[in-house]
file protein-v4.txt (compact mmCIF, C-alpha atoms)
# COMPACT_ATOMS: atom_id res chain seq x y z
CA MET G 1488 18.21 -3.48 -5.89
CA ARG G 1489 17.48 -2.22 -2.41
CA TRP G 1490 14.03 -0.65 -2.19
CA GLN G 1491 13.11 2.14 0.20
CA PRO G 1492 10.51 0.98 2.77
CA ILE G 1493 7.25 2.87 2.77
CA ALA G 1494 6.78 3.19 6.51
CA ALA G 1495 4.00 5.78 6.45
CA THR G 1496 1.85 3.49 4.32
CA VAL G 1497 2.05 0.81 6.98
CA VAL G 1498 1.17 3.26 9.72
CA ALA G 1499 -1.67 5.05 7.94
CA LEU G 1500 -3.82 2.14 6.78
CA GLY G 1501 -3.53 0.30 10.09
CA VAL G 1502 -5.78 2.86 11.77
CA GLY G 1503 -7.84 3.80 8.75
CA VAL G 1504 -6.19 7.20 8.29
CA ALA G 1505 -5.67 8.58 4.79
CA GLY G 1506 -2.15 9.86 5.38
CA TYR G 1507 0.16 8.48 2.77
CA ALA G 1508 3.72 9.76 2.52
CA MET G 1509 5.48 7.55 0.03
CA MET G 1510 9.15 7.28 -0.83
CA GLY G 1511 10.03 6.48 -4.41
CA SER G 1512 13.02 4.84 -6.01
CA PRO G 1513 15.26 7.36 -7.79
CA GLY G 1514 17.31 6.71 -10.86
CA GLN G 1515 14.53 5.59 -13.19
CA LYS G 1516 15.10 6.40 -16.85
CA ALA G 1517 12.65 8.44 -18.85
CA GLN G 1518 9.87 6.47 -20.53
CA PRO G 1519 7.56 7.34 -23.46
CA ALA G 1520 4.33 8.81 -22.15
CA PRO G 1521 1.41 6.36 -22.60
CA ALA G 1522 -1.14 9.04 -21.78
CA ARG G 1523 -1.34 12.64 -20.67
CA VAL G 1524 -1.63 13.17 -16.91
CA GLU G 1525 -4.47 15.49 -16.00
CA ASN G 1526 -3.44 18.28 -13.65
CA PRO G 1527 -5.52 17.72 -10.48
CA ASP G 1528 -5.12 21.35 -9.37
CA LEU G 1529 -4.45 20.29 -5.79
CA THR G 1530 -1.36 21.14 -3.76
CA PRO G 1531 1.70 22.94 -5.11
CA GLU G 1532 3.56 19.63 -4.79
CA ALA G 1533 0.94 17.89 -6.93
CA GLU G 1534 1.10 20.69 -9.49
CA LYS G 1535 4.87 20.32 -9.68
CA ALA G 1536 4.65 16.52 -9.92
CA SER G 1537 2.13 16.76 -12.75
CA LYS G 1538 4.43 19.05 -14.72
CA GLN G 1539 7.40 16.76 -14.07
CA LEU G 1540 5.48 13.79 -15.43
CA LEU G 1541 4.70 15.60 -18.65
CA GLU G 1542 8.47 15.74 -19.19
CA ASN G 1543 9.40 12.35 -17.78
CA PHE G 1544 6.93 9.53 -17.21
CA GLY G 1545 9.71 7.56 -15.54
CA ASP G 1546 9.80 9.87 -12.50
CA VAL G 1547 8.68 7.50 -9.73
CA ARG G 1548 8.68 10.12 -6.99
CA ALA G 1549 6.42 12.37 -9.06
CA TRP G 1550 3.91 9.52 -9.54
CA LEU G 1551 3.92 8.88 -5.79
CA THR G 1552 3.53 12.57 -4.93
CA LEU G 1553 0.67 13.04 -7.38
CA SER G 1554 -1.23 9.92 -6.30
CA ASP G 1555 -0.69 10.75 -2.63
CA ALA G 1556 -2.22 14.19 -3.15
CA LEU G 1557 -5.23 12.65 -4.90
CA ILE G 1558 -5.77 10.14 -2.07
CA ARG G 1559 -5.54 12.87 0.55
CA ALA G 1560 -8.15 14.87 -1.38
CA GLY G 1561 -10.51 11.90 -1.44
CA ARG G 1562 -10.09 11.42 -5.20
CA THR G 1563 -9.20 7.77 -4.80
CA GLU G 1564 -10.59 6.63 -8.15
CA THR G 1565 -8.46 9.19 -9.96
CA ALA G 1566 -5.47 8.07 -7.90
CA VAL G 1567 -6.02 4.49 -9.10
CA TYR G 1568 -6.20 5.62 -12.75
CA THR G 1569 -3.10 7.75 -12.24
CA LEU G 1570 -1.12 4.81 -10.87
CA ASP G 1571 -2.32 2.57 -13.70
CA SER G 1572 -0.70 5.07 -16.07
CA GLY G 1573 2.45 5.11 -13.97
CA LEU G 1574 2.67 1.33 -14.07
CA GLU G 1575 2.26 1.34 -17.84
CA ALA G 1576 5.42 3.42 -17.93
CA ILE G 1577 7.29 1.63 -15.14
CA PRO G 1578 5.74 -1.83 -14.61
CA GLY G 1579 8.67 -3.15 -12.59
CA ASN G 1580 8.59 -0.61 -9.76
CA ALA G 1581 7.60 -2.11 -6.40
CA ASP G 1582 6.79 1.25 -4.80
CA LEU G 1583 4.21 2.04 -7.48
CA TRP G 1584 2.55 -1.36 -7.01
CA VAL G 1585 2.37 -0.73 -3.25
CA GLN G 1586 0.90 2.72 -3.84
CA LEU G 1587 -1.68 1.22 -6.22
CA GLY G 1588 -2.68 -1.18 -3.46
CA VAL G 1589 -2.93 1.73 -1.02
CA ALA G 1590 -5.15 3.67 -3.44
CA LEU G 1591 -7.40 0.64 -3.91
CA VAL G 1592 -7.70 0.13 -0.15
CA ALA G 1593 -8.52 3.82 0.31
CA HIS G 1594 -11.11 3.63 -2.48
CA ALA G 1595 -12.70 0.64 -0.73
CA ASN G 1596 -12.95 2.57 2.56
CA GLY G 1597 -10.22 0.57 4.24
CA GLU G 1598 -11.01 -2.91 2.95
CA VAL G 1599 -8.11 -4.87 1.46
CA VAL G 1600 -10.04 -5.92 -1.65
CA PRO G 1601 -8.76 -8.66 -4.02
CA ALA G 1602 -7.38 -6.12 -6.51
CA ALA G 1603 -5.36 -4.52 -3.73
CA ARG G 1604 -4.03 -7.90 -2.61
CA LEU G 1605 -2.90 -8.58 -6.17
CA ALA G 1606 -1.06 -5.24 -6.25
CA PHE G 1607 0.67 -5.97 -2.94
CA ASP G 1608 1.53 -9.47 -4.15
CA ARG G 1609 3.18 -8.02 -7.27
CA ALA G 1610 5.16 -5.61 -5.08
CA SER G 1611 6.25 -8.50 -2.89
CA ARG G 1612 7.50 -10.44 -5.90
CA LEU G 1613 9.50 -7.45 -7.07
CA ALA G 1614 10.84 -6.57 -3.61
CA PRO G 1615 10.58 -9.55 -1.20
CA ASP G 1616 11.89 -7.51 1.74
CA HIS G 1617 9.30 -4.76 1.35
CA PRO G 1618 7.26 -4.50 4.59
CA ALA G 1619 3.99 -3.20 3.13
CA PRO G 1620 2.73 -6.37 1.35
CA SER G 1621 3.01 -8.52 4.47
CA TYR G 1622 1.40 -5.83 6.58
CA PHE G 1623 -1.61 -5.56 4.30
CA LEU G 1624 -1.91 -9.33 3.93
CA GLY G 1625 -2.21 -9.52 7.72
CA LEU G 1626 -4.84 -6.79 7.60
CA ALA G 1627 -6.75 -8.78 4.98
CA TRP G 1628 -6.71 -11.85 7.23
CA MET G 1629 -8.06 -9.74 10.08
CA GLN G 1630 -10.87 -8.46 7.89
CA ALA G 1631 -11.65 -12.08 6.97
CA GLY G 1632 -11.89 -12.92 10.66
CA ASP G 1633 -8.81 -15.18 10.74
CA THR G 1634 -6.85 -13.76 13.67
CA GLU G 1635 -4.44 -16.68 13.72
CA LYS G 1636 -3.33 -16.09 10.13
CA ALA G 1637 -3.06 -12.35 10.72
CA LEU G 1638 -0.84 -12.88 13.74
CA GLU G 1639 1.30 -15.40 11.88
CA THR G 1640 1.83 -12.93 9.03
CA TRP G 1641 2.53 -9.92 11.25
CA ARG G 1642 4.83 -11.82 13.59
CA ALA G 1643 6.88 -13.03 10.64
CA LEU G 1644 7.20 -9.42 9.44
CA ARG G 1645 8.12 -8.32 12.97
CA ALA G 1646 10.81 -11.00 13.21
CA ARG G 1647 12.56 -9.84 10.05
CA SER G 1648 12.23 -6.13 10.80
CA SER G 1649 15.00 -4.07 12.32
CA PRO G 1650 14.16 -3.01 15.91
CA ASP G 1651 14.36 0.65 14.88
CA ALA G 1652 12.30 0.27 11.70
CA PRO G 1653 9.72 3.08 11.56
CA TRP G 1654 6.79 0.69 11.07
CA VAL G 1655 7.58 -1.52 14.10
CA ARG G 1656 5.62 0.53 16.64
CA MET G 1657 2.39 0.37 14.64
CA LEU G 1658 2.99 -3.29 13.84
CA ASP G 1659 3.35 -4.05 17.56
CA GLN G 1660 0.09 -2.21 18.22
CA GLN G 1661 -1.69 -4.23 15.55
CA ILE G 1662 -0.32 -7.49 16.96
CA ALA G 1663 -1.42 -6.52 20.47
CA ALA G 1664 -4.90 -5.59 19.21
CA ALA G 1665 -5.19 -8.89 17.34
CA ILE G 1666 -4.16 -10.86 20.45
CA LEU G 1667 -6.73 -8.96 22.53
CA MET G 1668 -9.40 -9.62 19.91
CA GLU G 1669 -8.54 -13.31 19.94
CA GLN G 1670 -8.62 -13.50 23.74
CA MET G 1671 -11.97 -11.72 23.91
CA GLY G 1672 -13.47 -14.05 21.33
CA MET G 1673 -14.64 -11.21 19.14
CA MET G 1674 -16.73 -12.08 16.09
CA PRO G 1675 -14.96 -12.27 12.69
CA GLY G 1676 -14.82 -9.00 10.80
CA MET G 1677 -15.31 -6.75 13.83
CA MET G 1678 -11.82 -5.23 13.57
CA GLN G 1679 -12.22 -3.18 10.41
CA PRO G 1680 -10.48 0.06 9.43
CA GLY G 1681 -13.03 2.57 8.24
CA GLY G 1682 -15.94 0.24 9.05
CA ALA G 1683 -15.44 -1.83 5.92
CA PRO G 1684 -17.31 -5.17 5.71
CA ALA G 1685 -15.34 -8.39 6.04
CA GLY G 1686 -14.01 -9.83 2.80
CA ALA G 1687 -13.14 -13.31 1.70
CA ALA G 1688 -9.99 -14.88 3.11
CA PRO G 1689 -6.98 -14.00 0.98
CA ALA G 1690 -5.19 -16.70 -0.93
CA GLU G 1691 -1.70 -17.57 0.23
CA ARG G 1692 0.99 -15.53 -1.51
CA GLN G 1693 2.93 -17.52 -4.06
CA GLU G 1694 6.64 -17.71 -3.63
CA GLY G 1695 9.25 -16.64 -6.13
CA ASN G 1696 9.58 -13.88 -8.67
CA GLN G 1697 7.83 -13.66 -11.99
call {"tool": "encode", "arguments": {"input": "protein-v4.txt", "output": "structure tokens"}}
result
Amino acid sequence: MRWQPIAATVVALGVGVAGYAMMGSPGQKAQPAPARVENPDLTPEAEKASKQLLENFGDVRAWLTLSDALIRAGRTETAVYTLDSGLEAIPGNADLWVQLGVALVAHANGEVVPAARLAFDRASRLAPDHPAPSYFLGLAWMQAGDTEKALETWRALRARSSPDAPWVRMLDQQIAAAILMEQMGMMPGMMQPGGAPAGAAPAERQEGNQ
């Protein structure tokens, strides 16, 4: 199955901006509701998404719209809980796993915490060509102070990306910033979105699907 890339996710987290415009995967069948979704009383789009989910917990786009609205409103913990419910209904959807990682990063003030890396890893297993997991893995290496690993990861993503892919411009900016950081001999952990402290170096992503 060909998954829609989530370009805005790649752009937003690279500069620590909470602007998440996700694209879901249509065609999901309805699933039994594991829990009732609380109406967040946010935007009209979030209101509509909440109502749609009460009728069909398999509506991926509604999950993405609702969680995006929660993240934008600063209700990152609620966004994480919301996506947990979505993944109970649709555990095999790569876009929802990416969005869960995004919510966890937002909740950690820009740090790619281990739980977020696990979510991105699961997305990568489900959709190996998805750009977001590799992007965030590179960001995690940067936060750990390993510029070489970050550049290796981002350059590999750049090499397999189409020249007109919407995330390429931001990716090039991140690569250039990492090169500059390396040349200037900056201390590990200084390049942090949102001022988050440096975390432990991420484990290498395992190959293959579950």
call {"tool": "atom_distance", "arguments": {"input": "protein-v4.txt", "atom1": "CA of Asp1546 (chain G)", "atom2": "CA of Asp1582 (chain G)"}}
result
11.9 Å
call {"tool": "closest_residue", "arguments": {"input": "protein-v4.txt", "among": "G:Phe1607, G:Pro1618, G:Thr1552, G:Thr1530", "to": "Pro1653 (chain G)", "atoms": "all atoms listed in the file"}}
result
G:Pro1618
call {"tool": "closest_residue", "arguments": {"input": "protein-v4.txt", "among": "G:Arg1548, G:Arg1656, G:Arg1647, G:Arg1609", "to": "Gly1579 (chain G)", "atoms": "all atoms listed in the file"}}
result
G:Arg1609
call {"tool": "atom_distance", "arguments": {"input": "protein-v4.txt", "atom1": "CA of Glu1534 (chain G)", "atom2": "CA of Glu1598 (chain G)"}}
result
29.3 Å
call {"tool": "closest_residue", "arguments": {"input": "protein-v4.txt", "among": "G:Ser1554, G:Arg1612, G:Ala1606, G:Arg1559", "to": "Ser1572 (chain G)", "atoms": "all atoms listed in the file"}}
result
G:Ser1554
call {"tool": "closest_residue", "arguments": {"input": "protein-v4.txt", "among": "G:Gly1632, G:Gly1573, G:Pro1601, G:Pro1578", "to": "Trp1550 (chain G)", "atoms": "all atoms listed in the file"}}
result
G:Gly1573
call {"tool": "closest_residue", "arguments": {"input": "protein-v4.txt", "among": "G:Leu1557, G:Ala1631, G:Leu1626, G:Leu1583", "to": "Leu1613 (chain G)", "atoms": "only C-alpha atoms"}}
result
G:Leu1583
call {"tool": "residues_around", "arguments": {"input": "protein-v4.txt", "residues": "Glu1639 (chain G)", "least_positions_apart": "3", "cutoff": "12 Å", "atoms": "only C-alpha atoms", "output": "MDAnalysis selection string"}}
result
chainID G and resid 1621:1622 1624:1626 1628:1629 1633:1636 1642:1646 1662 1665:1666
call {"tool": "residues_around", "arguments": {"input": "protein-v4.txt", "residues": "Asp1608 (chain G)", "least_positions_apart": "3", "cutoff": "10 Å", "atoms": "all atoms listed in the file", "output": "PyMOL selection string"}}
result
chain G and resi 1581+1584-1585+1588+1602-1605+1611-1615+1619-1621+1623-1624+1691-1694
call {"tool": "atom_distance", "arguments": {"input": "protein-v4.txt", "atom1": "CA of Glu1575 (chain G)", "atom2": "CA of Ala1610 (chain G)"}}
result
14.8 Å
call {"tool": "residues_around", "arguments": {"input": "protein-v4.txt", "residues": "Leu1540 (chain G)", "least_positions_apart": "4", "cutoff": "8 Å", "atoms": "all atoms listed in the file", "output": "list in words"}}
result
Val1524, Ala1536, Phe1544, Gly1545, Asp1546, Ala1549 and Trp1550 of chain G
call {"tool": "residues_around", "arguments": {"input": "protein-v4.txt", "residues": "Leu1591 (chain G)", "least_positions_apart": "4", "cutoff": "9 Å", "atoms": "all atoms listed in the file", "output": "JSON, numbers by chain"}}
result
{"G": [1563, 1564, 1566, 1567, 1586, 1587, 1595, 1596, 1597, 1598, 1599, 1600, 1602, 1603, 1606]}
call {"tool": "decode", "arguments": {"input": "protein-v4.txt", "residues": "region 1641-1670 of chain G", "atoms": "N, CA and C atoms", "output": "PDB file, in the first residue's frame"}}
result
ATOM      1  N   TRP G1641      19.983  11.780   7.602  1.00  0.00           N
ATOM      2  CA  TRP G1641      19.298  12.764   6.762  1.00  0.00           C
ATOM      3  C   TRP G1641      19.743  12.690   5.310  1.00  0.00           C
ATOM      4  N   ARG G1642      21.021  12.429   5.089  1.00  0.00           N
ATOM      5  CA  ARG G1642      21.500  12.323   3.709  1.00  0.00           C
ATOM      6  C   ARG G1642      20.907  11.101   3.009  1.00  0.00           C
ATOM      7  N   ALA G1643      20.739  10.016   3.761  1.00  0.00           N
ATOM      8  CA  ALA G1643      20.113   8.830   3.175  1.00  0.00           C
ATOM      9  C   ALA G1643      18.671   9.133   2.790  1.00  0.00           C
ATOM     10  N   LEU G1644      17.954   9.874   3.657  1.00  0.00           N
ATOM     11  CA  LEU G1644      16.582  10.272   3.343  1.00  0.00           C
ATOM     12  C   LEU G1644      16.574  11.193   2.133  1.00  0.00           C
ATOM     13  N   ARG G1645      17.518  12.117   2.085  1.00  0.00           N
ATOM     14  CA  ARG G1645      17.595  13.055   0.950  1.00  0.00           C
ATOM     15  C   ARG G1645      17.837  12.311  -0.358  1.00  0.00           C
ATOM     16  N   ALA G1646      18.680  11.289  -0.311  1.00  0.00           N
ATOM     17  CA  ALA G1646      19.038  10.557  -1.525  1.00  0.00           C
ATOM     18  C   ALA G1646      17.857   9.796  -2.102  1.00  0.00           C
ATOM     19  N   ARG G1647      16.947   9.344  -1.238  1.00  0.00           N
ATOM     20  CA  ARG G1647      15.806   8.573  -1.734  1.00  0.00           C
ATOM     21  C   ARG G1647      14.550   9.424  -1.926  1.00  0.00           C
ATOM     22  N   SER G1648      14.666  10.716  -1.684  1.00  0.00           N
ATOM     23  CA  SER G1648      13.529  11.616  -1.842  1.00  0.00           C
ATOM     24  C   SER G1648      13.492  12.194  -3.249  1.00  0.00           C
ATOM     25  N   SER G1649      12.293  12.376  -3.746  1.00  0.00           N
ATOM     26  CA  SER G1649      12.123  13.036  -5.035  1.00  0.00           C
ATOM     27  C   SER G1649      12.564  14.495  -4.915  1.00  0.00           C
ATOM     28  N   PRO G1650      13.202  15.058  -5.952  1.00  0.00           N
ATOM     29  CA  PRO G1650      13.674  16.446  -5.875  1.00  0.00           C
ATOM     30  C   PRO G1650      12.569  17.452  -5.549  1.00  0.00           C
ATOM     31  N   ASP G1651      11.332  17.142  -5.928  1.00  0.00           N
ATOM     32  CA  ASP G1651      10.240  18.070  -5.671  1.00  0.00           C
ATOM     33  C   ASP G1651       9.410  17.681  -4.448  1.00  0.00           C
ATOM     34  N   ALA G1652       9.921  16.761  -3.641  1.00  0.00           N
ATOM     35  CA  ALA G1652       9.198  16.371  -2.430  1.00  0.00           C
ATOM     36  C   ALA G1652       9.068  17.575  -1.503  1.00  0.00           C
ATOM     37  N   PRO G1653       7.905  17.776  -0.887  1.00  0.00           N
ATOM     38  CA  PRO G1653       7.678  18.994  -0.096  1.00  0.00           C
ATOM     39  C   PRO G1653       8.544  19.117   1.148  1.00  0.00           C
ATOM     40  N   TRP G1654       9.169  18.023   1.609  1.00  0.00           N
ATOM     41  CA  TRP G1654       9.997  18.101   2.800  1.00  0.00           C
ATOM     42  C   TRP G1654      11.476  18.357   2.471  1.00  0.00           C
ATOM     43  N   VAL G1655      11.848  18.365   1.193  1.00  0.00           N
ATOM     44  CA  VAL G1655      13.256  18.446   0.810  1.00  0.00           C
ATOM     45  C   VAL G1655      13.893  19.772   1.226  1.00  0.00           C
ATOM     46  N   ARG G1656      13.160  20.864   1.089  1.00  0.00           N
ATOM     47  CA  ARG G1656      13.737  22.171   1.430  1.00  0.00           C
ATOM     48  C   ARG G1656      14.134  22.232   2.903  1.00  0.00           C
ATOM     49  N   MET G1657      13.233  21.811   3.791  1.00  0.00           N
ATOM     50  CA  MET G1657      13.554  21.820   5.208  1.00  0.00           C
ATOM     51  C   MET G1657      14.661  20.826   5.527  1.00  0.00           C
ATOM     52  N   LEU G1658      14.646  19.677   4.865  1.00  0.00           N
ATOM     53  CA  LEU G1658      15.686  18.684   5.082  1.00  0.00           C
ATOM     54  C   LEU G1658      17.052  19.256   4.703  1.00  0.00           C
ATOM     55  N   ASP G1659      17.124  19.955   3.574  1.00  0.00           N
ATOM     56  CA  ASP G1659      18.377  20.579   3.157  1.00  0.00           C
ATOM     57  C   ASP G1659      18.844  21.620   4.181  1.00  0.00           C
ATOM     58  N   GLN G1660      17.899  22.355   4.747  1.00  0.00           N
ATOM     59  CA  GLN G1660      18.253  23.344   5.762  1.00  0.00           C
ATOM     60  C   GLN G1660      18.804  22.673   7.015  1.00  0.00           C
ATOM     61  N   GLN G1661      18.204  21.552   7.393  1.00  0.00           N
ATOM     62  CA  GLN G1661      18.684  20.827   8.567  1.00  0.00           C
ATOM     63  C   GLN G1661      20.077  20.255   8.322  1.00  0.00           C
ATOM     64  N   ILE G1662      20.307  19.733   7.127  1.00  0.00           N
ATOM     65  CA  ILE G1662      21.620  19.188   6.788  1.00  0.00           C
ATOM     66  C   ILE G1662      22.669  20.299   6.818  1.00  0.00           C
ATOM     67  N   ALA G1663      22.332  21.440   6.236  1.00  0.00           N
ATOM     68  CA  ALA G1663      23.266  22.569   6.224  1.00  0.00           C
ATOM     69  C   ALA G1663      23.574  23.035   7.649  1.00  0.00           C
ATOM     70  N   ALA G1664      22.547  23.086   8.504  1.00  0.00           N
ATOM     71  CA  ALA G1664      22.756  23.513   9.889  1.00  0.00           C
ATOM     72  C   ALA G1664      23.636  22.514  10.635  1.00  0.00           C
ATOM     73  N   ALA G1665      23.429  21.228  10.371  1.00  0.00           N
ATOM     74  CA  ALA G1665      24.228  20.203  11.032  1.00  0.00           C
ATOM     75  C   ALA G1665      25.690  20.282  10.586  1.00  0.00           C
ATOM     76  N   ILE G1666      25.911  20.524   9.299  1.00  0.00           N
ATOM     77  CA  ILE G1666      27.278  20.666   8.784  1.00  0.00           C
ATOM     78  C   ILE G1666      27.964  21.868   9.438  1.00  0.00           C
ATOM     79  N   LEU G1667      27.233  22.987   9.528  1.00  0.00           N
ATOM     80  CA  LEU G1667      27.773  24.188  10.154  1.00  0.00           C
ATOM     81  C   LEU G1667      28.106  23.931  11.620  1.00  0.00           C
ATOM     82  N   MET G1668      27.221  23.237  12.306  1.00  0.00           N
ATOM     83  CA  MET G1668      27.437  22.904  13.710  1.00  0.00           C
ATOM     84  C   MET G1668      28.692  22.056  13.867  1.00  0.00           C
ATOM     85  N   GLU G1669      28.862  21.105  12.955  1.00  0.00           N
ATOM     86  CA  GLU G1669      30.019  20.222  13.000  1.00  0.00           C
ATOM     87  C   GLU G1669      31.306  21.002  12.746  1.00  0.00           C
ATOM     88  N   GLN G1670      31.268  21.911  11.766  1.00  0.00           N
ATOM     89  CA  GLN G1670      32.446  22.699  11.422  1.00  0.00           C
ATOM     90  C   GLN G1670      32.837  23.661  12.540  1.00  0.00           C
TER      91      GLN G1670
END
